[in-house]
Every structure is written in structure tokens, then in C-alpha cells.
Amino acid sequence: MSSNTPLPSNLAQNNLSLFKEILTGTQMLFVAFGALVLMPLLTGLDPNVALCTAGIGTLLFQLVTKGQAPVFLASSFAFIAPIMYGTQTWGIPATMGALAVVGVVYACFSGLIKMRGVGFISKYLPPIVTGPIIMVIGLSLAPVAVHMALGRTGDGSAQLIDQSLALSISLPALLTTLLVSAFSKGFMRLMPILSGIVVGYILSLYHGIVDFTPVQNAAWFAIPKFTAPEFNWQAIIYMLPIAIAPAIEHIGDVLAISSATGKDYIKKPGLHRTLLGDGIATTAASMLGGPPNTTYSEVTGAVMLTKAFNPRIMTWAACAAIIMAFVGKLGALLQTIPGAVMGGIMLLLFGLIASVGLGSIVKAKVDFDQPRNFIIFAIVLVFGIGGMALNFGGYSIQGISLCAIVAISLNLLLPKEEAKKESDV
């Protein structure tokens with residue numbers, strides 16, 4: 001254990017002062033903030049409610065997992081299309097009720113894992129399966145980062161500011177993050193993301209693209225617009241199958257954070273606990289009118305970059321989220337951060353997540369002399385990055401869930417050369 005080089009860095013993060021823990025936790029919230037509030041804005045939900053339920057969900061997750069995993073939970077993008085359809089068809093309360101039931105489905109999944117144990121994970125999720133899936137988690141988000149860095153909306157549908165102006169903001173923010181991460185020492189080494197945001201924000205102020213109107217109109221104290229759920233069986237039946245996608249994505253994210261920290265969270269606190277924590281967080285968020293929660297890949301990248309592995313840091317991030325949800329002007333001020341600034345930071349974070357997946361394949365010494373491994377790797381990357389989608393009756397499987405299903409199926413169906421050689425002997 002003493003020869004493990006990452007250990008001193010890990011220990012350093014576990015012995016931060018209270019002030020440094022709070023500041024680092026706030027930085028993690030900055031990383032998640034853009035995506036956290038974007039999802040409710042796209043679906044017609046209240047961003048302040050999403051901010052509050054992200055904090056509550058993270059605290060519940062830590063309670064269930066006994067505070068052992070440095071994970072931050074917030075708005076799940078897997079539910080954007082279903083929520084938009086649900087709110088238009090049955091209204092927000094009924095959609096929230098259906099999402100609350102989705103959280104119960106997670107609990108059922110966690111119970112199954114608890115009964116079967118985690119031994120079957122190695123059979124169904126070896127490195128040749130999990131590696132490319134983790135890579136897809138980062139690479140599939142790359143277009144969002146690029147669009148934002150170029151001054152567009154996250155989906156690229158609209159140009160918010162001139163492209164050259166956006167690059168003059170996003171690239172210095174990225175460069176600052178890289179320089180602080182690579183050359184700074186001591187406490188400043190914990191602040192590369194916040195440093196990049198500060199530089200990007202200052203440049204945005206200089207170019208006059210920051211709109212303070214929301215801050216002027218916001219009250220200092222404002223209670224988020226919570227919505228009580230209603231239970232409609234049609235909405236519930238529609239929403240239940242969609243639980244498969246984020247449940248599988250959750251496994252990929254837990255594997256990613258495990259690779260980043262060098263700890264096996266699949267075994268301790270256990271995948272059944274992390275999935276149960278995700279489910280309880282989703283149900284709690286939906287009961288208040290917030291979007292379903294999921295583990296955030298952006299924060300996983302930030303954990304990798306800062307080596308802030310102490311789960312208590314996420315406690316402070318969660319508390320900061322809850323406080324900001326009730327401080328109207330503070331929440332409004334955060335929303336004034338231009339997307340180009342966050343896009344510059346995310347260019348690095350999403351790439352780091354992809355590198356974790358590649359690193360897990362290299363570390364496991366996956367044999368690419370076997371055609372089966374080439375096939376699994378190639379198909380998963382093309383499906384994930386290319387946006388492949390399979391439609392069954394009105395239900396679409398795509399993204400991480402499709403990649404996971406395809407990778408697992410190919411791994412089970414394609415023959416291994418070792419097995420052939422043994423049979424020939």
C-alpha cells in the first residue's frame with residue numbers, strides 16, 4: 001500500500017481544513033451548475049427546485065452509501081424527452097408522480113444486485129465492456145462542450161454569441177484551468193476549475209456579454225416553486241421502461257469514479273447501495289417537483305482533475321446547492337455565467353472521463369489480438385458517439401443504455417479464442 005503513488009495525494013485531500021473543504025465543494029457545484037439548471041430549463045421545470053433537490057438528493061445518497069463515495073447527484077439528461085412529453089400530455093404533477101415510481105424501480109434493481117451479489121459484474125461487465133462505455137460517457141458529451149465553447153446552446157441549435165468572441169473567452173478559461181492544474185502547488189492546486197471560471201467571467205465582463213438583469217429582478221430570499229406529485233397510471237407505465245437507461249448509466253458512472261479514485265465502489269459501499277441511493281434521490285426530487293437525479297460525469301472529471309477524493313467535499317457541494325436555491329440573487333448571479341466559459345472548462349473534463357475508460361482497458365491489458373475485443377470496442381464507440389438509436393413501438397433505446405446492452409450482449413455471444421484453443425487440445 002505504501003508504494004502506491006496516488007496515496008499521498010489522496011491523503012492530502014482527506015486532511016483538508018474545513019474552509020478548504022467548503023471551498024472545494026463549492027467549486028464542484030460550479031462544475032455541475034450549468035448542466036444542472038439547463039435540464040429543467042429545457043423541460044419547463046423550476047431551476048431553483050432542481051438546485052435544491054440536487055443538494056437533497058446528494059445528501060440522501062451519502063446517507064445510503066454511508067458517505068463513502070465522492071459523488072454529486074443532479075438533473076438527469078436521460079429524462080429530458082420523456083419529461084417534455086409527460087408534462088405536455090399529463091401535466092407536471094402527474095409526470096413527477098411517474099418519476100417518483102422510477103426511483104422505486106431503482107430500489108428493485110438494487111435489491112436484485114444485493115441478492116445476486118457483485119460477482120456477476122465481472123462476467124457481464126469486464127474491462128472490454130466497461131472501458132468503451134466509460135469512454136462513451138465522456139465522448140458523447142464532447143459536442144455539448146464544443147457547442148458551448150463556440151458560443152452556441154448545448155445542443156447547437158442556436159448561436160448565442162459570435163463564435164470568435166466565444167473562443168476568446170472559452171479558450172483562456174480552458175488554458176487557465178490547464179496551467180493551474182499543471183503548475184500550481186498547495187491550495188491553488190485544488191482550484192483549477194474555479195480559476196478558469198473566474199478568468200472566463202472577467203473576460204465576459206470585459207466584452208459586455210454578461211446580463212445582470214436577472215440579478216436585479218431577483219429577491220434575496222426566494223422559496224423555490226415546489227410541486228406536489230400526482231399519480232397517473234398512464235404516465236407511470238410510459239415512464240417505467242425509461243428507468244433502464246439511467247440505471248445502466250449509473251453503473252458506468254460508478255465504475256468511472258472508481259477508476260478515478262482507485263477505489264472499488266462496486267464492492268464498497270456496494271453497487272446495491274449506490275443504486276439505491278440514486279433511486280431514493282430521484283424519488284425525493286420528484287416528490288418536490290424536481291427532475292430525476294443521476295451521478296454527474298462533470299463532477300467525476302473535476303474529482304479526477306483536483307484529486308479531491310474526500311466524500312465530505314460533496315456534502316458541502318450539496319449544502320451549497322440547497323442554500324443557493326433559497327438565495328434568489330445568488331442563484332441568479334450564477335446563471336449569468338456565459339455558456340462559453342463553462343464550455344471551455346468542459347472541453348477538458350469530458351476528455352478526462354474518456355481517458356479513464358481507455359486507462360481501464362490498458363490497465364487490464366485487454367488482448368486486442370482477439371477479434372472479439374476489437375468488435376466490442378468498435379461497435380460501442382460508433383453506437384455511442386454516432387448517436388445510434390433503436391426504436392421499439394414508441395420507445396427509443398440509445399446512448400449509454402444502448403451501448404451497455406450491445407457491449408454486454410456481444411461479450412456473452414462472441415467466442416473467446418482461449419476457449420477454442422482449450423477445446424482443440
# chains A, B, ... in the order shown; residues from 1 in each chain; ligands from 1
call {"tool": "select_by_dssp", "arguments": {"residues": "segment 63-307 of chain A", "states": "strand (DSSP E or B)", "output": "ChimeraX atom specification"}}
result
/A:73-75,152,159,221,293-295
call {"tool": "select_by_dssp", "arguments": {"residues": "segment 275-355 of chain A", "states": "helix (DSSP H, G or I)", "output": "PyMOL selection string"}}
result
chain A and resi 275-287+297-306+312-326+328-334+339-355
call {"tool": "residues_around", "arguments": {"residues": "Val327 of chain A", "least_positions_apart": "2", "cutoff": "8 Å", "atoms": "only C-alpha atoms", "output": "list in words"}}
result
Ala219, Trp220, Phe221, Ala222, Ile323, Met324, Ala325, Lys329, Leu330 and Gly331 of chain A
call {"tool": "residues_around", "arguments": {"residues": "segment 146-151 of chain A", "least_positions_apart": "2", "cutoff": "12 Å", "atoms": "only C-alpha atoms", "output": "number ranges by chain"}}
result
A: 34-35, 139-144, 153-174, 200, 204, 209, 337-351
call {"tool": "atom_distance", "arguments": {"atom1": "atom CA of Gln335 of chain A", "atom2": "atom CA of Ser286 of chain A"}}
result
22.8 Å
call {"tool": "closest_residue", "arguments": {"among": "A:Val102, A:Ile92, A:Leu45, A:Leu402", "to": "Ile237 of chain A", "atoms": "only C-alpha atoms"}}
result
A:Val102
call {"tool": "residues_around", "arguments": {"residues": "Thr274 of chain A", "least_positions_apart": "5", "cutoff": "12 Å", "atoms": "only C-alpha atoms", "output": "NGL selection string"}}
result
:A and (57-58 or 60-73 or 106-107 or 109-111 or 113-114 or 247 or 250-255 or 257 or 264-269 or 279-281 or 294-295)
call {"tool": "residues_around", "arguments": {"residues": "segment 16-29 of chain A", "least_positions_apart": "3", "cutoff": "6 Å", "atoms": "only C-alpha atoms", "output": "list in words"}}
result
Gln13, Ala32, Phe33, Leu194, Ile313, Met314, Trp316 and Ala317 of chain A
call {"tool": "closest_residue", "arguments": {"among": "A:Leu275, A:Ala256, A:Ala285, A:Ile361", "to": "Ala74 of chain A", "atoms": "only C-alpha atoms"}}
result
A:Ala285
call {"tool": "residues_around", "arguments": {"residues": "Phe374 of chain A", "least_positions_apart": "4", "cutoff": "12 Å", "atoms": "only C-alpha atoms", "output": "VMD selection string"}}
result
chain A and resid 128 to 129 132 361 366 to 370 378 to 381 407 410 to 411 414
call {"tool": "write_last_selection", "arguments": {"atoms": "N, CA and C atoms", "output": "PDB file, in the first residue's frame"}}
result
ATOM      1  N   ILE A 128     -13.345  -4.898 -21.139  1.00  0.00           N
ATOM      2  CA  ILE A 128     -13.634  -4.650 -22.552  1.00  0.00           C
ATOM      3  C   ILE A 128     -15.051  -4.138 -22.748  1.00  0.00           C
ATOM      4  N   VAL A 129     -15.914  -4.340 -21.757  1.00  0.00           N
ATOM      5  CA  VAL A 129     -17.269  -3.796 -21.798  1.00  0.00           C
ATOM      6  C   VAL A 129     -17.320  -2.420 -21.141  1.00  0.00           C
ATOM      7  N   PRO A 132     -14.982   0.928 -22.963  1.00  0.00           N
ATOM      8  CA  PRO A 132     -15.596   1.766 -24.001  1.00  0.00           C
ATOM      9  C   PRO A 132     -16.867   2.467 -23.542  1.00  0.00           C
ATOM     10  N   ILE A 361      -8.878  -0.008 -19.782  1.00  0.00           N
ATOM     11  CA  ILE A 361      -8.595  -1.053 -20.764  1.00  0.00           C
ATOM     12  C   ILE A 361      -7.103  -1.375 -20.779  1.00  0.00           C
ATOM     13  N   VAL A 366      -6.176  -5.632 -21.853  1.00  0.00           N
ATOM     14  CA  VAL A 366      -7.132  -6.296 -22.742  1.00  0.00           C
ATOM     15  C   VAL A 366      -6.426  -6.715 -24.027  1.00  0.00           C
ATOM     16  N   ASP A 367      -6.616  -7.948 -24.415  1.00  0.00           N
ATOM     17  CA  ASP A 367      -5.932  -8.516 -25.575  1.00  0.00           C
ATOM     18  C   ASP A 367      -6.674  -8.164 -26.864  1.00  0.00           C
ATOM     19  N   PHE A 368      -6.117  -7.216 -27.620  1.00  0.00           N
ATOM     20  CA  PHE A 368      -6.757  -6.814 -28.868  1.00  0.00           C
ATOM     21  C   PHE A 368      -6.306  -7.682 -30.044  1.00  0.00           C
ATOM     22  N   ASP A 369      -5.543  -8.751 -29.738  1.00  0.00           N
ATOM     23  CA  ASP A 369      -5.294  -9.745 -30.771  1.00  0.00           C
ATOM     24  C   ASP A 369      -6.531 -10.601 -30.993  1.00  0.00           C
ATOM     25  N   GLN A 370      -7.444 -10.545 -30.026  1.00  0.00           N
ATOM     26  CA  GLN A 370      -8.714 -11.239 -30.180  1.00  0.00           C
ATOM     27  C   GLN A 370      -9.691 -10.373 -30.973  1.00  0.00           C
ATOM     28  N   ALA A 378     -15.161  -1.370 -31.071  1.00  0.00           N
ATOM     29  CA  ALA A 378     -15.550  -0.554 -32.227  1.00  0.00           C
ATOM     30  C   ALA A 378     -17.040  -0.259 -32.234  1.00  0.00           C
ATOM     31  N   ILE A 379     -17.854  -1.282 -32.017  1.00  0.00           N
ATOM     32  CA  ILE A 379     -19.304  -1.109 -32.091  1.00  0.00           C
ATOM     33  C   ILE A 379     -19.794  -0.152 -31.001  1.00  0.00           C
ATOM     34  N   VAL A 380     -19.286  -0.324 -29.784  1.00  0.00           N
ATOM     35  CA  VAL A 380     -19.732   0.531 -28.676  1.00  0.00           C
ATOM     36  C   VAL A 380     -19.392   1.993 -28.955  1.00  0.00           C
ATOM     37  N   LEU A 381     -18.168   2.259 -29.422  1.00  0.00           N
ATOM     38  CA  LEU A 381     -17.774   3.643 -29.691  1.00  0.00           C
ATOM     39  C   LEU A 381     -18.613   4.257 -30.809  1.00  0.00           C
ATOM     40  N   ALA A 407     -22.767  -3.956 -25.709  1.00  0.00           N
ATOM     41  CA  ALA A 407     -21.475  -4.448 -25.234  1.00  0.00           C
ATOM     42  C   ALA A 407     -21.620  -5.730 -24.435  1.00  0.00           C
ATOM     43  N   LEU A 410     -22.648  -8.641 -26.874  1.00  0.00           N
ATOM     44  CA  LEU A 410     -21.530  -9.101 -27.706  1.00  0.00           C
ATOM     45  C   LEU A 410     -20.508  -9.867 -26.869  1.00  0.00           C
ATOM     46  N   ASN A 411     -20.260  -9.402 -25.651  1.00  0.00           N
ATOM     47  CA  ASN A 411     -19.293 -10.074 -24.782  1.00  0.00           C
ATOM     48  C   ASN A 411     -19.738 -11.491 -24.435  1.00  0.00           C
ATOM     49  N   LEU A 414     -19.978 -13.531 -28.421  1.00  0.00           N
ATOM     50  CA  LEU A 414     -18.787 -13.771 -29.237  1.00  0.00           C
ATOM     51  C   LEU A 414     -17.845 -14.750 -28.540  1.00  0.00           C
TER      52      LEU A 414
END
call {"tool": "closest_residue", "arguments": {"among": "A:Gly117, A:Gly86, A:Pro40, A:Pro127", "to": "Lys363 of chain A", "atoms": "only C-alpha atoms"}}
result
A:Pro127
